[in-house]
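Everything below concerns the one structure shown next.
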Amino acid sequence: MINTLSSILILAGVFFYLAGSIGLLRLPDLYSRLHALTKADNLGLGLLIAGVALHSQDLLMMLKLLLTWLAVLAASATSAHLIARQARRQVTES
Amino acid sequence: MNPVSLLVFDGLLLVSIAGLAWASLATTDARRSVILFMAFGLVLAVAWGRLLAPDVALAEAAIGAGLSGALLLAAAHRQPRPLPPASTNAPRNHGAAGVGVVLRWAVTLLCAALAGILAWALLHAFDSAPHDMLPQAISANLATSGVSNPVTAVLLNFRAYDTLLELAVLLTAVLGILALGPATPGYQPAGPVFDGLIRWLVPVLILTAGYLLWVGAHAPGGAFQAGAMLAAAGVVLRLAGRSRIGLPDGIVLRIVMAAGMGVFLLVGLSLLLLGRPFLGYPPDWAGSLILLIETAAMLSIAATLLLAFLGGRPESTGDKAAAKRQREAIS
(Lines give C-alpha, C1' and ligand atoms only; values in the text may rest on other atoms or scores of the structure.)
Protein backbone atom coordinates (compact mmCIF):
# COMPACT_ATOMS: atom_id res chain seq x y z
CA MET A 1 0.00 0.00 0.00
CA ILE A 2 2.69 2.45 1.06
CA ASN A 3 4.90 1.26 -1.79
CA THR A 4 2.17 1.95 -4.34
CA LEU A 5 1.48 5.38 -2.90
CA SER A 6 5.16 6.34 -2.89
CA SER A 7 5.54 5.05 -6.46
CA ILE A 8 2.60 7.20 -7.57
CA LEU A 9 4.11 10.27 -5.87
CA ILE A 10 7.55 9.64 -7.43
CA LEU A 11 6.04 9.12 -10.88
CA ALA A 12 4.05 12.34 -10.53
CA GLY A 13 7.29 14.10 -9.56
CA VAL A 14 9.06 12.68 -12.60
CA PHE A 15 6.18 13.92 -14.78
CA PHE A 16 6.71 17.47 -13.50
CA TYR A 17 10.46 17.22 -14.12
CA LEU A 18 9.75 16.04 -17.65
CA ALA A 19 7.28 18.88 -18.23
CA GLY A 20 9.79 21.39 -16.84
CA SER A 21 12.58 20.08 -19.06
CA ILE A 22 10.37 20.19 -22.16
CA GLY A 23 9.34 23.72 -21.21
CA LEU A 24 12.98 24.72 -20.81
CA LEU A 25 13.75 23.45 -24.29
CA ARG A 26 10.59 24.50 -26.13
CA LEU A 27 9.27 27.75 -24.65
CA PRO A 28 10.10 30.91 -26.65
CA ASP A 29 11.70 33.37 -24.21
CA LEU A 30 13.71 33.51 -21.01
CA TYR A 31 10.88 34.45 -18.66
CA SER A 32 8.55 31.65 -19.70
CA ARG A 33 11.45 29.16 -19.65
CA LEU A 34 12.29 30.26 -16.11
CA HIS A 35 8.63 29.93 -15.16
CA ALA A 36 8.48 26.37 -16.52
CA LEU A 37 11.73 25.39 -14.86
CA THR A 38 11.25 26.74 -11.35
CA LYS A 39 7.56 26.03 -10.85
CA ALA A 40 7.73 22.53 -12.30
CA ASP A 41 10.99 21.68 -10.55
CA ASN A 42 9.77 22.87 -7.17
CA LEU A 43 6.59 20.82 -7.42
CA GLY A 44 8.41 17.92 -9.07
CA LEU A 45 11.05 17.79 -6.34
CA GLY A 46 8.35 18.16 -3.68
CA LEU A 47 6.43 15.16 -5.01
CA LEU A 48 9.64 13.17 -5.46
CA ILE A 49 10.69 13.91 -1.89
CA ALA A 50 7.23 13.08 -0.56
CA GLY A 51 7.46 9.72 -2.35
CA VAL A 52 10.96 8.96 -1.09
CA ALA A 53 10.07 10.09 2.46
CA LEU A 54 7.05 7.79 2.47
CA HIS A 55 9.25 4.95 1.23
CA SER A 56 11.92 5.50 3.91
CA GLN A 57 9.44 5.31 6.84
CA ASP A 58 12.04 6.97 9.06
CA LEU A 59 11.12 10.19 10.82
CA LEU A 60 14.67 11.61 10.88
CA MET A 61 15.13 10.84 7.18
CA MET A 62 11.78 12.52 6.41
CA LEU A 63 12.90 15.63 8.29
CA LYS A 64 16.19 15.75 6.36
CA LEU A 65 14.35 15.35 3.05
CA LEU A 66 11.90 18.09 4.00
CA LEU A 67 14.82 20.42 4.84
CA THR A 68 16.40 19.63 1.46
CA TRP A 69 13.17 20.56 -0.29
CA LEU A 70 12.83 23.83 1.63
CA ALA A 71 16.44 24.79 0.86
CA VAL A 72 15.97 24.03 -2.84
CA LEU A 73 12.68 26.00 -2.89
CA ALA A 74 14.36 29.11 -1.49
CA ALA A 75 17.49 28.79 -3.63
CA SER A 76 15.56 28.16 -6.84
CA ALA A 77 13.11 31.02 -6.25
CA THR A 78 16.00 33.38 -5.50
CA SER A 79 18.08 32.38 -8.49
CA ALA A 80 15.06 32.63 -10.80
CA HIS A 81 14.46 36.14 -9.45
CA LEU A 82 18.12 37.10 -9.96
CA ILE A 83 18.23 35.78 -13.53
CA ALA A 84 14.95 37.46 -14.48
CA ARG A 85 15.99 40.78 -12.93
CA GLN A 86 19.34 40.71 -14.69
CA ALA A 87 17.63 39.93 -18.01
CA ARG A 88 15.16 42.80 -17.56
CA ARG A 89 17.98 45.19 -16.68
CA GLN A 90 19.87 44.25 -19.82
CA VAL A 91 16.76 44.87 -21.91
CA THR A 92 16.09 48.30 -20.38
CA GLU A 93 19.74 49.32 -20.76
CA SER A 94 20.01 48.49 -24.46
CA MET B 1 15.56 -2.78 -7.45
CA ASN B 2 16.15 -5.37 -10.14
CA PRO B 3 19.55 -5.61 -11.87
CA VAL B 4 18.25 -4.65 -15.33
CA SER B 5 16.92 -1.24 -14.29
CA LEU B 6 20.13 -0.59 -12.34
CA LEU B 7 22.10 -1.47 -15.47
CA VAL B 8 20.01 0.99 -17.49
CA PHE B 9 20.58 3.66 -14.82
CA ASP B 10 24.34 3.04 -14.82
CA GLY B 11 24.39 3.19 -18.61
CA LEU B 12 22.54 6.52 -18.61
CA LEU B 13 24.94 7.81 -15.94
CA LEU B 14 27.99 6.81 -18.00
CA VAL B 15 26.57 8.32 -21.19
CA SER B 16 25.74 11.61 -19.45
CA ILE B 17 29.19 11.80 -17.81
CA ALA B 18 30.98 11.25 -21.12
CA GLY B 19 28.53 13.51 -23.00
CA LEU B 20 28.81 16.38 -20.50
CA ALA B 21 32.61 16.10 -20.45
CA TRP B 22 32.70 16.23 -24.25
CA ALA B 23 30.23 19.12 -24.43
CA SER B 24 32.20 21.06 -21.82
CA LEU B 25 35.44 20.62 -23.78
CA ALA B 26 33.94 21.19 -27.22
CA THR B 27 32.30 24.57 -26.62
CA THR B 28 34.33 27.73 -27.25
CA ASP B 29 32.26 29.90 -24.88
CA ALA B 30 34.08 29.87 -21.53
CA ARG B 31 30.93 30.46 -19.47
CA ARG B 32 28.95 27.72 -21.18
CA SER B 33 31.92 25.40 -20.74
CA VAL B 34 32.08 26.10 -16.99
CA ILE B 35 28.34 25.55 -16.51
CA LEU B 36 28.58 22.23 -18.36
CA PHE B 37 31.58 21.35 -16.18
CA MET B 38 29.47 21.97 -13.04
CA ALA B 39 26.73 19.71 -14.39
CA PHE B 40 29.44 17.13 -15.14
CA GLY B 41 30.64 17.36 -11.51
CA LEU B 42 27.13 16.81 -10.15
CA VAL B 43 26.52 13.75 -12.33
CA LEU B 44 29.97 12.46 -11.35
CA ALA B 45 28.95 12.85 -7.68
CA VAL B 46 25.89 10.68 -8.38
CA ALA B 47 28.24 8.11 -9.95
CA TRP B 48 30.40 8.09 -6.80
CA GLY B 49 27.24 7.60 -4.75
CA ARG B 50 26.34 4.68 -7.01
CA LEU B 51 29.83 3.20 -6.35
CA LEU B 52 28.93 3.31 -2.62
CA ALA B 53 31.55 6.01 -1.97
CA PRO B 54 29.46 8.73 -0.28
CA ASP B 55 32.56 10.48 1.11
CA VAL B 56 33.95 11.02 -2.37
CA ALA B 57 30.48 11.93 -3.67
CA LEU B 58 30.16 14.68 -1.03
CA ALA B 59 33.64 16.03 -1.80
CA GLU B 60 32.99 15.93 -5.55
CA ALA B 61 29.66 17.74 -5.26
CA ALA B 62 30.96 20.38 -2.83
CA ILE B 63 34.46 21.01 -4.19
CA GLY B 64 34.48 19.55 -7.72
CA ALA B 65 31.15 20.91 -8.88
CA GLY B 66 30.28 23.74 -6.46
CA LEU B 67 33.42 25.59 -5.46
CA SER B 68 35.51 24.85 -8.57
CA GLY B 69 32.50 25.93 -10.62
CA ALA B 70 32.26 29.24 -8.75
CA LEU B 71 36.02 29.72 -9.12
CA LEU B 72 35.99 29.00 -12.86
CA LEU B 73 32.90 31.19 -13.40
CA ALA B 74 34.66 34.09 -11.67
CA ALA B 75 37.71 33.49 -13.86
CA ALA B 76 35.60 33.26 -17.03
CA HIS B 77 33.84 36.49 -16.05
CA ARG B 78 37.17 38.33 -16.17
CA GLN B 79 37.98 37.01 -19.66
CA PRO B 80 36.54 38.88 -22.63
CA ARG B 81 33.71 36.98 -24.34
CA PRO B 82 34.82 35.45 -27.65
CA LEU B 83 33.51 36.89 -30.89
CA PRO B 84 30.65 34.94 -32.46
CA PRO B 85 32.03 32.77 -35.30
CA ALA B 86 30.12 34.69 -38.01
CA SER B 87 32.06 37.91 -37.38
CA THR B 88 35.54 36.40 -37.72
CA ASN B 89 35.82 37.06 -41.45
CA ALA B 90 39.39 38.29 -41.29
CA PRO B 91 41.87 36.30 -43.43
CA ARG B 92 43.02 33.41 -41.33
CA ASN B 93 46.65 32.91 -40.57
CA HIS B 94 47.22 29.42 -41.95
CA GLY B 95 50.55 28.99 -40.17
CA ALA B 96 48.95 29.60 -36.77
CA ALA B 97 46.05 27.27 -37.61
CA GLY B 98 48.56 24.55 -38.53
CA VAL B 99 50.36 24.94 -35.21
CA GLY B 100 46.97 24.74 -33.47
CA VAL B 101 46.11 21.45 -35.17
CA VAL B 102 49.52 19.95 -34.34
CA LEU B 103 49.17 21.09 -30.73
CA ARG B 104 45.68 19.64 -30.47
CA TRP B 105 46.83 16.26 -31.79
CA ALA B 106 49.86 16.28 -29.50
CA VAL B 107 47.64 16.92 -26.46
CA THR B 108 45.19 14.22 -27.61
CA LEU B 109 48.00 11.68 -28.00
CA LEU B 110 49.46 12.58 -24.59
CA CYS B 111 46.04 12.21 -22.94
CA ALA B 112 45.48 8.88 -24.69
CA ALA B 113 48.89 7.65 -23.54
CA LEU B 114 48.13 8.73 -19.97
CA ALA B 115 44.74 7.00 -20.06
CA GLY B 116 46.46 3.85 -21.38
CA ILE B 117 49.01 3.88 -18.57
CA LEU B 118 46.28 4.41 -15.96
CA ALA B 119 44.21 1.55 -17.39
CA TRP B 120 47.29 -0.70 -17.39
CA ALA B 121 48.10 0.26 -13.78
CA LEU B 122 44.52 -0.45 -12.73
CA LEU B 123 44.49 -3.88 -14.38
CA HIS B 124 47.88 -4.61 -12.88
CA ALA B 125 46.66 -3.62 -9.42
CA PHE B 126 43.71 -5.99 -9.74
CA ASP B 127 46.00 -8.78 -10.91
CA SER B 128 48.86 -8.49 -8.46
CA ALA B 129 47.07 -8.47 -5.10
CA PRO B 130 43.77 -9.88 -3.98
CA HIS B 131 41.91 -6.59 -3.60
CA ASP B 132 40.04 -7.52 -0.46
CA MET B 133 43.23 -7.54 1.63
CA LEU B 134 43.22 -3.81 2.27
CA PRO B 135 39.59 -3.57 3.46
CA GLN B 136 40.25 -6.54 5.75
CA ALA B 137 43.32 -4.90 7.24
CA ILE B 138 41.33 -1.69 7.80
CA SER B 139 38.36 -3.36 9.48
CA ALA B 140 40.71 -5.44 11.64
CA ASN B 141 42.36 -2.29 13.00
CA LEU B 142 39.33 0.04 13.02
CA ALA B 143 38.76 -0.45 16.75
CA THR B 144 42.13 1.14 17.61
CA SER B 145 41.81 4.04 15.16
CA GLY B 146 39.64 6.26 17.39
CA VAL B 147 36.86 6.62 14.81
CA SER B 148 34.33 4.20 13.31
CA ASN B 149 34.17 5.64 9.77
CA PRO B 150 36.79 3.64 7.82
CA VAL B 151 37.41 6.54 5.40
CA THR B 152 38.29 8.93 8.23
CA ALA B 153 40.37 6.19 9.88
CA VAL B 154 42.43 5.83 6.70
CA LEU B 155 42.73 9.58 6.02
CA LEU B 156 43.56 10.76 9.53
CA ASN B 157 45.16 7.72 11.14
CA PHE B 158 46.41 4.88 8.93
CA ARG B 159 47.79 7.19 6.25
CA ALA B 160 47.82 10.44 8.20
CA TYR B 161 51.23 11.23 6.69
CA ASP B 162 49.63 11.56 3.23
CA THR B 163 46.94 13.90 4.53
CA LEU B 164 49.60 16.00 6.27
CA LEU B 165 51.39 16.39 2.94
CA GLU B 166 48.09 17.22 1.21
CA LEU B 167 47.62 20.07 3.66
CA ALA B 168 51.19 21.16 2.89
CA VAL B 169 50.29 21.28 -0.82
CA LEU B 170 47.21 23.42 0.00
CA LEU B 171 49.35 25.76 2.11
CA THR B 172 51.85 26.14 -0.74
CA ALA B 173 48.99 26.86 -3.15
CA VAL B 174 47.48 29.53 -0.91
CA LEU B 175 50.88 31.20 -0.52
CA GLY B 176 50.99 31.40 -4.30
CA ILE B 177 47.51 32.95 -4.36
CA LEU B 178 48.53 35.58 -1.79
CA ALA B 179 51.54 36.43 -3.97
CA LEU B 180 49.19 37.35 -6.83
CA GLY B 181 48.56 40.74 -5.23
CA PRO B 182 45.35 42.32 -3.99
CA ALA B 183 42.07 40.51 -4.69
CA THR B 184 39.68 41.78 -7.33
CA PRO B 185 37.07 44.24 -6.03
CA GLY B 186 33.90 42.67 -4.66
CA TYR B 187 30.46 42.66 -6.18
CA GLN B 188 27.64 45.18 -5.82
CA PRO B 189 25.43 44.82 -2.74
CA ALA B 190 22.64 42.32 -3.37
CA GLY B 191 18.97 43.23 -3.58
CA PRO B 192 16.51 42.36 -0.79
CA VAL B 193 15.60 38.90 -2.14
CA PHE B 194 19.17 37.56 -2.35
CA ASP B 195 20.00 39.28 0.93
CA GLY B 196 17.04 37.57 2.56
CA LEU B 197 18.30 34.20 1.31
CA ILE B 198 21.84 34.59 2.63
CA ARG B 199 20.58 35.79 6.02
CA TRP B 200 19.53 32.25 6.83
CA LEU B 201 21.58 30.30 4.27
CA VAL B 202 24.95 31.34 5.69
CA PRO B 203 24.17 30.26 9.28
CA VAL B 204 22.77 26.97 7.93
CA LEU B 205 25.98 26.42 5.92
CA ILE B 206 28.13 27.05 9.01
CA LEU B 207 25.96 24.66 11.02
CA THR B 208 26.24 22.05 8.26
CA ALA B 209 30.02 22.44 8.28
CA GLY B 210 30.11 21.74 12.02
CA TYR B 211 27.81 18.76 11.54
CA LEU B 212 29.94 17.29 8.73
CA LEU B 213 33.09 17.73 10.82
CA TRP B 214 31.56 15.97 13.82
CA VAL B 215 29.78 13.23 11.90
CA GLY B 216 33.00 12.38 9.99
CA ALA B 217 34.07 10.20 12.93
CA HIS B 218 31.35 7.63 12.29
CA ALA B 219 29.65 8.45 8.97
CA PRO B 220 30.52 10.11 5.63
CA GLY B 221 31.90 13.60 6.21
CA GLY B 222 35.10 15.15 7.51
CA ALA B 223 37.41 18.13 7.31
CA PHE B 224 37.44 18.49 3.51
CA GLN B 225 33.66 18.46 3.10
CA ALA B 226 33.17 20.71 6.13
CA GLY B 227 35.83 23.14 4.89
CA ALA B 228 34.08 23.28 1.52
CA MET B 229 30.79 24.19 3.29
CA LEU B 230 32.47 27.01 5.23
CA ALA B 231 34.11 28.29 2.06
CA ALA B 232 30.74 28.14 0.28
CA ALA B 233 29.29 30.40 2.99
CA GLY B 234 32.09 32.88 2.26
CA VAL B 235 31.51 32.65 -1.49
CA VAL B 236 27.79 33.35 -1.04
CA LEU B 237 28.58 36.36 1.17
CA ARG B 238 31.00 37.70 -1.43
CA LEU B 239 28.53 37.18 -4.27
CA ALA B 240 26.00 39.15 -2.23
CA GLY B 241 28.44 42.05 -2.13
CA ARG B 242 29.20 41.91 1.59
CA SER B 243 32.52 43.48 2.49
CA ARG B 244 33.08 41.06 5.38
CA ILE B 245 33.03 37.47 4.17
CA GLY B 246 34.30 35.73 7.28
CA LEU B 247 38.01 35.88 6.52
CA PRO B 248 40.03 37.26 9.42
CA ASP B 249 42.58 40.04 8.90
CA GLY B 250 46.36 40.10 8.85
CA ILE B 251 48.19 37.79 11.20
CA VAL B 252 45.05 35.89 12.26
CA LEU B 253 44.41 34.97 8.63
CA ARG B 254 47.93 33.62 8.33
CA ILE B 255 47.50 31.56 11.49
CA VAL B 256 44.22 30.12 10.19
CA MET B 257 45.85 29.33 6.83
CA ALA B 258 48.68 27.41 8.50
CA ALA B 259 46.58 25.90 11.31
CA GLY B 260 45.77 22.60 9.59
CA MET B 261 49.37 21.79 8.78
CA GLY B 262 50.64 23.33 12.04
CA VAL B 263 48.36 21.43 14.41
CA PHE B 264 48.98 18.21 12.47
CA LEU B 265 52.77 18.64 12.78
CA LEU B 266 52.51 19.67 16.42
CA VAL B 267 50.52 16.53 17.26
CA GLY B 268 53.00 14.37 15.34
CA LEU B 269 56.05 15.91 17.00
CA SER B 270 54.51 15.78 20.51
CA LEU B 271 53.87 12.07 20.00
CA LEU B 272 57.53 11.66 19.00
CA LEU B 273 58.57 13.37 22.25
CA LEU B 274 56.31 11.00 24.18
CA GLY B 275 58.18 8.09 22.62
CA ARG B 276 55.52 7.05 20.12
CA PRO B 277 56.03 6.91 16.34
CA PHE B 278 55.36 10.10 14.34
CA LEU B 279 51.55 10.46 14.13
CA GLY B 280 51.12 7.11 15.90
CA TYR B 281 48.22 8.10 18.15
CA PRO B 282 47.69 6.20 21.41
CA PRO B 283 44.33 4.40 20.85
CA ASP B 284 42.70 6.06 23.91
CA TRP B 285 43.47 9.54 22.57
CA ALA B 286 43.07 8.88 18.88
CA GLY B 287 39.47 10.11 18.61
CA SER B 288 40.14 13.46 20.30
CA LEU B 289 43.40 14.01 18.42
CA ILE B 290 41.71 13.32 15.09
CA LEU B 291 38.90 15.76 15.93
CA LEU B 292 41.48 18.40 16.92
CA ILE B 293 43.44 17.96 13.68
CA GLU B 294 40.27 17.90 11.58
CA THR B 295 38.96 21.10 13.16
CA ALA B 296 42.18 22.94 12.35
CA ALA B 297 42.29 21.38 8.87
CA MET B 298 38.68 22.46 8.21
CA LEU B 299 39.52 26.09 8.98
CA SER B 300 42.65 26.00 6.80
CA ILE B 301 40.84 24.32 3.92
CA ALA B 302 37.98 26.84 4.11
CA ALA B 303 40.42 29.79 4.14
CA THR B 304 42.38 28.30 1.22
CA LEU B 305 39.30 27.71 -0.94
CA LEU B 306 37.89 31.15 -0.16
CA LEU B 307 41.22 32.84 -0.96
CA ALA B 308 41.30 30.91 -4.24
CA PHE B 309 37.86 32.35 -5.03
CA LEU B 310 39.08 35.86 -4.17
CA GLY B 311 42.10 35.27 -6.41
CA GLY B 312 44.50 37.31 -4.31
CA ARG B 313 45.26 38.94 -0.99
CA PRO B 314 42.05 40.20 0.69
CA GLU B 315 41.88 43.89 1.51
CA SER B 316 42.72 44.37 5.16
CA THR B 317 40.67 46.89 7.12
CA GLY B 318 43.64 49.26 7.01
CA ASP B 319 43.66 49.13 3.20
CA LYS B 320 39.92 49.70 3.14
CA ALA B 321 40.14 52.77 5.34
CA ALA B 322 42.91 54.12 3.10
CA ALA B 323 40.84 53.43 -0.04
CA LYS B 324 37.83 55.17 1.54
CA ARG B 325 39.89 58.22 2.40
CA GLN B 326 41.21 58.25 -1.16
CA ARG B 327 37.68 58.08 -2.59
CA GLU B 328 36.51 60.89 -0.32
CA ALA B 329 39.51 62.99 -1.34
CA ILE B 330 38.61 62.53 -5.02
CA SER B 331 34.90 63.32 -4.67
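Residue numbers start at 1 in each chain; chains themselves are named A, B, ... in the order of the C-alpha coordinates; ligands are numbered from 1 in the order shown.
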
Contacts of segment 49-56 of chain A at 9 Å (only C-alpha atoms; same-chain gap of 5+ positions) as a ChimeraX atom specification: /A:2-3,5-11,13,44,61-63,65-66,68-69

Filtered DSSP result for segment 282-323 of chain B, state helix (DSSP H, G or I), as a ChimeraX atom specification: /B:283-310,317-323

Restrict the calculation to only C-alpha atoms, then for each residue of chain B with any atom at most 9 Å from an atom of chain A give the closest atom pair and their distance in Å to one decimal, rows by chain and rising residue number, as CSV.
```
residue,atom,partner,partner_atom,distance
B:Gly191,CA,A:Leu82,CA,8.9
B:Val193,CA,A:Thr78,CA,6.5
B:Phe194,CA,A:Thr78,CA,6.1
B:Leu197,CA,A:Ala74,CA,7.0
B:Leu201,CA,A:Ala71,CA,8.3
```
